[in-house]
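As stored in target-v8.cif (mmCIF, C-alpha atoms):
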data_protein
#
loop_
_atom_site.label_atom_id
_atom_site.label_comp_id
_atom_site.auth_asym_id
_atom_site.auth_seq_id
_atom_site.Cartn_x
_atom_site.Cartn_y
_atom_site.Cartn_z
CA MET A 1 -46.23 46.42 -72.43
CA LYS A 2 -49.84 47.58 -72.67
CA ILE A 3 -50.95 50.88 -71.13
CA ILE A 4 -54.62 51.13 -70.17
CA ALA A 5 -56.00 54.52 -69.12
CA GLU A 6 -58.70 54.08 -66.49
CA ILE A 7 -61.52 56.56 -67.14
CA ALA A 8 -64.02 54.58 -65.07
CA GLN A 9 -66.73 57.08 -64.13
CA ALA A 10 -64.64 60.24 -64.11
CA HIS A 11 -66.94 61.47 -66.91
CA GLU A 12 -69.56 62.11 -64.17
CA GLY A 13 -72.35 60.96 -66.48
CA SER A 14 -71.47 63.40 -69.29
CA ILE A 15 -71.14 61.73 -72.69
CA GLY A 16 -69.28 64.82 -73.96
CA ILE A 17 -66.64 64.54 -71.25
CA ALA A 18 -66.32 60.80 -71.97
CA HIS A 19 -65.53 61.56 -75.61
CA SER A 20 -63.10 64.30 -74.55
CA TYR A 21 -61.21 61.76 -72.45
CA ILE A 22 -60.86 59.46 -75.46
CA ASP A 23 -59.43 62.29 -77.59
CA ALA A 24 -57.03 63.45 -74.87
CA LEU A 25 -55.80 60.00 -73.95
CA SER A 26 -55.35 58.80 -77.51
CA SER A 27 -53.06 61.80 -78.06
CA CYS A 28 -51.01 60.63 -75.05
CA GLY A 29 -50.27 57.31 -76.74
CA VAL A 30 -52.18 54.90 -74.50
CA ASP A 31 -53.12 51.50 -75.91
CA ALA A 32 -56.60 51.32 -74.42
CA VAL A 33 -59.14 53.24 -72.39
CA LYS A 34 -61.34 51.57 -69.79
CA PHE A 35 -64.76 52.55 -68.56
CA GLN A 36 -67.17 51.04 -66.03
CA THR A 37 -70.59 49.90 -67.24
CA HIS A 38 -73.30 50.17 -64.58
CA ILE A 39 -77.01 49.47 -64.95
CA ALA A 40 -78.76 50.75 -61.85
CA GLU A 41 -81.72 48.35 -61.89
CA ALA A 42 -79.39 45.37 -62.21
CA GLU A 43 -77.13 46.40 -59.33
CA SER A 44 -79.07 48.36 -56.77
CA SER A 45 -82.48 49.50 -55.55
CA PRO A 46 -83.94 52.81 -54.38
CA PHE A 47 -85.21 50.92 -51.33
CA GLU A 48 -81.77 50.15 -49.88
CA ASN A 49 -82.01 52.26 -46.75
CA PHE A 50 -78.37 51.71 -45.83
CA ARG A 51 -77.33 53.58 -48.99
CA ILE A 52 -79.15 56.83 -48.09
CA ASN A 53 -77.16 60.10 -48.18
CA PHE A 54 -74.65 58.65 -50.60
CA SER A 55 -73.20 61.93 -51.89
CA PHE A 56 -73.89 65.63 -52.21
CA GLU A 57 -75.46 65.20 -55.63
CA ASP A 58 -77.01 61.73 -55.30
CA LYS A 59 -79.38 60.76 -52.51
CA THR A 60 -78.74 57.03 -52.94
CA ARG A 61 -76.32 54.70 -54.67
CA PHE A 62 -79.14 53.85 -57.07
CA ASP A 63 -79.38 57.53 -58.06
CA TYR A 64 -75.63 57.59 -58.63
CA TRP A 65 -75.70 54.57 -60.91
CA LYS A 66 -78.58 56.11 -62.88
CA ARG A 67 -76.63 59.33 -63.34
CA MET A 68 -73.62 57.36 -64.58
CA GLU A 69 -75.55 55.31 -67.14
CA PHE A 70 -75.20 55.71 -70.89
CA SER A 71 -77.64 54.34 -73.46
CA PHE A 72 -76.65 51.57 -75.86
CA GLU A 73 -76.32 54.15 -78.66
CA GLN A 74 -74.02 56.28 -76.53
CA TRP A 75 -71.83 53.28 -75.60
CA LYS A 76 -71.67 52.31 -79.26
CA ARG A 77 -70.50 55.79 -80.23
CA LEU A 78 -67.79 55.64 -77.56
CA LYS A 79 -66.61 52.31 -78.99
CA VAL A 80 -66.59 53.70 -82.54
CA HIS A 81 -64.70 56.78 -81.32
CA CYS A 82 -62.04 54.51 -79.77
CA ASP A 83 -61.75 52.57 -83.02
CA ASP A 84 -61.39 55.79 -85.00
CA VAL A 85 -58.50 57.10 -82.88
CA GLY A 86 -56.74 53.73 -82.58
CA VAL A 87 -57.26 52.82 -78.91
CA GLU A 88 -58.97 49.71 -77.60
CA PHE A 89 -62.31 50.13 -75.85
CA ILE A 90 -62.46 48.18 -72.56
CA SER A 91 -65.07 48.28 -69.84
CA SER A 92 -65.74 46.61 -66.50
CA PRO A 93 -69.30 45.26 -66.21
CA PHE A 94 -70.99 45.00 -62.83
CA SER A 95 -73.96 42.84 -63.79
CA CYS A 96 -74.97 40.21 -66.31
CA ALA A 97 -77.13 42.86 -67.98
CA ALA A 98 -74.01 44.99 -68.46
CA VAL A 99 -72.24 42.02 -70.09
CA ASP A 100 -75.11 41.68 -72.57
CA LEU A 101 -74.88 45.39 -73.37
CA LEU A 102 -71.11 45.28 -73.86
CA GLU A 103 -71.39 42.25 -76.12
CA ASP A 104 -73.78 44.22 -78.32
CA VAL A 105 -71.41 47.19 -78.25
CA GLY A 106 -68.53 44.96 -79.38
CA VAL A 107 -66.08 44.98 -76.48
CA GLN A 108 -63.10 42.69 -77.11
CA THR A 109 -61.56 42.52 -73.62
CA TYR A 110 -63.20 42.39 -70.21
CA LYS A 111 -61.72 43.88 -67.04
CA ILE A 112 -63.11 42.45 -63.80
CA GLY A 113 -63.20 44.79 -60.82
CA SER A 114 -61.81 43.20 -57.66
CA GLY A 115 -65.19 43.46 -55.97
CA GLU A 116 -66.65 41.16 -58.64
CA ILE A 117 -64.05 38.38 -58.29
CA THR A 118 -66.62 36.21 -56.49
CA ASN A 119 -69.50 37.04 -58.86
CA TYR A 120 -69.40 33.63 -60.51
CA LEU A 121 -72.67 34.06 -62.40
CA MET A 122 -71.25 37.09 -64.19
CA LEU A 123 -67.79 35.52 -64.55
CA ALA A 124 -69.29 32.47 -66.29
CA LYS A 125 -71.23 34.68 -68.68
CA ILE A 126 -68.07 36.61 -69.57
CA ALA A 127 -65.93 33.47 -69.85
CA LYS A 128 -68.38 31.92 -72.32
CA THR A 129 -67.67 34.78 -74.74
CA GLY A 130 -64.14 33.42 -75.14
CA LYS A 131 -62.67 36.91 -74.86
CA PRO A 132 -59.59 37.93 -72.82
CA ILE A 133 -60.20 38.67 -69.15
CA ILE A 134 -58.13 41.01 -66.96
CA LEU A 135 -58.56 40.49 -63.22
CA SER A 136 -57.89 43.08 -60.54
CA SER A 137 -56.59 41.96 -57.14
CA GLY A 138 -57.44 45.11 -55.16
CA MET A 139 -60.18 43.98 -52.77
CA SER A 140 -59.42 40.25 -52.97
CA ASP A 141 -57.28 37.94 -50.89
CA TYR A 142 -55.35 34.98 -52.29
CA LYS A 143 -58.10 32.53 -51.40
CA GLU A 144 -60.60 34.47 -53.51
CA LEU A 145 -58.12 34.87 -56.37
CA ASP A 146 -57.32 31.14 -56.28
CA SER A 147 -61.00 30.26 -56.52
CA CYS A 148 -61.64 32.77 -59.30
CA ILE A 149 -58.74 31.62 -61.47
CA ASP A 150 -59.53 27.94 -60.85
CA PHE A 151 -63.10 28.69 -61.96
CA LEU A 152 -62.07 30.57 -65.12
CA LYS A 153 -59.20 28.43 -66.41
CA PRO A 154 -61.36 25.55 -67.78
CA PHE A 155 -63.12 28.04 -70.08
CA GLY A 156 -59.84 28.68 -71.91
CA ASN A 157 -59.92 32.48 -71.96
CA LYS A 158 -56.68 34.42 -72.06
CA LEU A 159 -56.25 35.54 -68.44
CA SER A 160 -54.09 38.21 -66.84
CA ILE A 161 -54.08 39.83 -63.43
CA LEU A 162 -53.23 43.31 -62.14
CA GLN A 163 -51.70 43.97 -58.75
CA CYS A 164 -53.94 46.69 -57.35
CA VAL A 165 -54.43 48.46 -54.04
CA THR A 166 -57.92 49.79 -53.34
CA ALA A 167 -56.80 53.13 -51.96
CA TYR A 168 -57.00 56.45 -53.80
CA PRO A 169 -54.54 57.96 -53.97
CA THR A 170 -52.03 55.29 -53.03
CA SER A 171 -48.82 56.23 -51.27
CA PRO A 172 -45.59 54.49 -52.37
CA GLU A 173 -45.52 52.21 -49.34
CA GLN A 174 -48.96 50.92 -50.36
CA TRP A 175 -48.16 50.00 -53.98
CA GLY A 176 -47.33 46.39 -53.17
CA LEU A 177 -45.01 45.94 -56.14
CA SER A 178 -43.40 42.98 -54.37
CA GLU A 179 -46.67 41.12 -54.95
CA ILE A 180 -46.12 41.11 -58.72
CA PRO A 181 -43.50 38.31 -58.79
CA LYS A 182 -45.58 36.38 -56.23
CA LEU A 183 -48.66 36.59 -58.45
CA LYS A 184 -46.63 35.53 -61.50
CA HIS A 185 -45.22 32.52 -59.68
CA ARG A 186 -48.54 31.51 -58.15
CA TYR A 187 -50.73 31.72 -61.25
CA ARG A 188 -48.34 31.45 -64.22
CA ILE A 189 -50.24 34.09 -66.18
CA PRO A 190 -49.25 37.63 -67.27
CA VAL A 191 -49.24 40.11 -64.37
CA GLY A 192 -49.31 43.91 -64.43
CA TYR A 193 -50.00 46.83 -62.13
CA SER A 194 -53.05 49.05 -61.65
CA GLY A 195 -52.86 52.31 -59.73
CA GLU A 196 -52.44 56.06 -59.72
CA LYS A 197 -48.65 56.17 -59.71
CA ARG A 198 -46.16 55.62 -62.50
CA VAL A 199 -44.35 52.28 -62.33
CA GLN A 200 -42.76 49.86 -64.77
CA THR A 201 -44.04 46.36 -65.47
CA ARG A 202 -43.49 43.81 -68.19
CA CYS A 203 -47.17 43.27 -68.84
CA ARG A 204 -49.82 45.95 -68.36
CA ILE A 205 -50.10 49.31 -66.68
CA ASN A 206 -53.58 50.46 -65.73
CA ARG A 207 -53.59 54.17 -64.84
CA ASN A 208 -56.45 56.09 -63.26
CA ILE A 209 -57.18 59.34 -65.10
CA GLU A 210 -59.03 62.49 -64.08
CA ALA A 211 -59.68 65.54 -66.24
CA ASN A 212 -59.35 69.15 -65.24
CA ARG A 213 -62.97 70.33 -65.43
CA VAL A 214 -62.05 73.77 -66.69
CA THR A 215 -59.41 73.05 -69.33
CA ARG A 216 -60.52 69.46 -70.12
CA LYS A 217 -56.84 68.53 -70.23
CA PRO A 218 -55.91 65.02 -69.05
CA LEU A 219 -54.48 64.28 -65.62
CA ARG A 220 -54.47 66.40 -62.49
CA ASP A 221 -51.18 68.06 -63.41
CA GLN A 222 -52.38 68.76 -66.99
CA LEU A 223 -49.39 67.01 -68.54
#

If you took the structure in this file and wrote it as structure tokens, what would it be?
Amino acid sequence: MKIIAEIAQAHEGSIGIAHSYIDALSSCGVDAVKFQTHIAEAESSPFENFRINFSFEDKTRFDYWKRMEFSFEQWKRLKVHCDDVGVEFISSPFSCAAVDLLEDVGVQTYKIGSGEITNYLMLAKIAKTGKPIILSSGMSDYKELDSCIDFLKPFGNKLSILQCVTAYPTSPEQWGLSEIPKLKHRYRIPVGYSGEKRVQTRCRINRNIEANRVTRKPLRDQL
């Protein structure tokens, strides 16, 4: 079983908090930590009027992505930090430019967000690296998953898939654990679970993590 702690963008654009997460989570015994790698210019535009008034702090989605960005040197230091404490560095790219950056950083496993399952240009770029690919099912139906896996299999990458529900937090009746054996039977690849609740699976567990902003301890309950 592999346990992946999902940091995503809980660092709120602070490189110091990102490093604090790595220290805290490595002490918890996780196998890997996962970030998201966004490059604003490759994903969005300040001229997207429908994205106005995105959040209290960010006027637009473009502003949010910019605030979440790290430089190549900062990403490299995060990767080295993970190596030093014995956890794998994983990140989800959201553009071909982000894939190029992560290749330079030295990522060894790619996690594909469910919203990118149909981004075949990016999927092909990742598949050509030959590295393992973890797929998330959260925002995808079976038709999209079928097409994605059929597209990736000829490349020969090691594939796995996580049952995921795009709802935060998820209540027990939303977990969809009964989908795990269905996914295993349908695709004949390793299947795990991604979510905010503690469950058992034979493959991977992907857990979303949030730090207490005062104590910097991991998890909401500071365990």

Item to check | Test item: the PyMOL selection byres ((chain A and resi 12) around 12) resolved as a list in words | outcome: Ile7, Ala8, Gln9, Ala10, His11, Gly13, Ser14, Ile15, Gly16, Ile17, Ala18, Tyr21, Phe35, Gln36, Glu57, Asp58, Tyr64, Trp65, Lys66, Arg67, Met68, Glu69, Phe70, Glu210, Ala211 and Arg213 of chain A

Can you spit out the residues from that selection as a PDB file, in the frame of the given file, using C-alpha atoms?
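Wrote it out as selection_1.pdb, contents follow:
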ATOM      1  CA  ILE A   7     -61.520  56.560 -67.140  1.00  0.00           C
ATOM      2  CA  ALA A   8     -64.020  54.580 -65.070  1.00  0.00           C
ATOM      3  CA  GLN A   9     -66.730  57.080 -64.130  1.00  0.00           C
ATOM      4  CA  ALA A  10     -64.640  60.240 -64.110  1.00  0.00           C
ATOM      5  CA  HIS A  11     -66.940  61.470 -66.910  1.00  0.00           C
ATOM      6  CA  GLY A  13     -72.350  60.960 -66.480  1.00  0.00           C
ATOM      7  CA  SER A  14     -71.470  63.400 -69.290  1.00  0.00           C
ATOM      8  CA  ILE A  15     -71.140  61.730 -72.690  1.00  0.00           C
ATOM      9  CA  GLY A  16     -69.280  64.820 -73.960  1.00  0.00           C
ATOM     10  CA  ILE A  17     -66.640  64.540 -71.250  1.00  0.00           C
ATOM     11  CA  ALA A  18     -66.320  60.800 -71.970  1.00  0.00           C
ATOM     12  CA  TYR A  21     -61.210  61.760 -72.450  1.00  0.00           C
ATOM     13  CA  PHE A  35     -64.760  52.550 -68.560  1.00  0.00           C
ATOM     14  CA  GLN A  36     -67.170  51.040 -66.030  1.00  0.00           C
ATOM     15  CA  GLU A  57     -75.460  65.200 -55.630  1.00  0.00           C
ATOM     16  CA  ASP A  58     -77.010  61.730 -55.300  1.00  0.00           C
ATOM     17  CA  TYR A  64     -75.630  57.590 -58.630  1.00  0.00           C
ATOM     18  CA  TRP A  65     -75.700  54.570 -60.910  1.00  0.00           C
ATOM     19  CA  LYS A  66     -78.580  56.110 -62.880  1.00  0.00           C
ATOM     20  CA  ARG A  67     -76.630  59.330 -63.340  1.00  0.00           C
ATOM     21  CA  MET A  68     -73.620  57.360 -64.580  1.00  0.00           C
ATOM     22  CA  GLU A  69     -75.550  55.310 -67.140  1.00  0.00           C
ATOM     23  CA  PHE A  70     -75.200  55.710 -70.890  1.00  0.00           C
ATOM     24  CA  GLU A 210     -59.030  62.490 -64.080  1.00  0.00           C
ATOM     25  CA  ALA A 211     -59.680  65.540 -66.240  1.00  0.00           C
ATOM     26  CA  ARG A 213     -62.970  70.330 -65.430  1.00  0.00           C
TER      27      ARG A 213
END

Next on the checklist: Could you tell me how far CA of Cys96 (chain A) sits from CA of Gln108 (chain A), in Å to one decimal place?
Outcome noted: 16.2 Å

Checklist entry - Using only C-alpha atoms, which of the listed residues (A:Ile39, A:Cys82, A:Ile117, A:Tyr193) sits closest to Ser27 (chain A)? => result A:Cys82

Item to check | Contacts of Phe62 (chain A) within 6 Å, all atoms listed in the file, excl. fewer than 3 positions in-chain, as a list in words | outcome: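 Once the adjacent positions are removed, what remains is Ala40, Ser44, Ser45, Pro46 and Trp65 of chain A.
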
Checklist entry - Hey, can you check how far CA of Leu162 (chain A) sits from CA of His185 (chain A)? => result 13.7 Å

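Residues having any atom no farther than 12 Å from (-76.6, 44.7, -77.2) (counting all atoms listed in the file) are A:Ser71, A:Phe72, A:Glu73, A:Gln74, A:Trp75, A:Lys76, A:Cys96, A:Ala97, A:Ala98, A:Val99, A:Asp100, A:Leu101, A:Leu102, A:Glu103, A:Asp104, A:Val105, A:Gly106, A:Val107.
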
Next on the checklist: For this structure, which residues satisfy the selection - the PyMOL selection byres ((chain A and resi 141) around 12) - when it is evaluated on the file as given? I want them as a list in words.
Outcome noted: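 Expected selection for the PyMOL selection byres ((chain A and resi 141) around 12) here is Ser114, Gly115, Ile117, Thr118, Ser136, Ser137, Gly138, Met139, Ser140, Tyr142, Lys143, Glu144, Leu145, Asp146, Ser147, Cys148, Gln163, Cys164, Val165, Glu179 and Leu183 of chain A.
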
Checklist entry - What is the CA of Ala5 (chain A) to CA of Ile134 (chain A) distance in Å? => result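 So the two atoms, CA of Ala5 (chain A) and CA of Ile134 (chain A), lie 13.8 Å apart.
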
Given 3 Å on each side, where is the centre and what are the edge lengths in Å to one decimal of the axis-aligned box enclosing the listed atoms of region 17-36 of chain A, as JSON?
{"center_x": -58.7, "center_y": 57.8, "center_z": -72.0, "size_x": 22.9, "size_y": 19.5, "size_z": 18.0}

Next on the checklist: Applying 9 Å and all atoms listed in the file, which residues near Ser26 (chain A) remain after dropping the ones on its own chain fewer than 5 positions away? List them as a list in words.
Outcome noted: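 The residues satisfying every condition are Tyr21, Asp31, Ala32, Val33, Cys82, Val85, Gly86 and Val87 of chain A.
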
Checklist entry - Residues picked by the PyMOL selection byres ((chain A and resi 181) around 12) here, as a ChimeraX atom specification? => result /A:161-163,176-180,182-193,201-203

Checklist entry - Pick from A:Met1, A:Ala127, A:Met122, A:Leu78: nearest to Ile22 (chain A), with only C-alpha atoms counted? => result A:Leu78
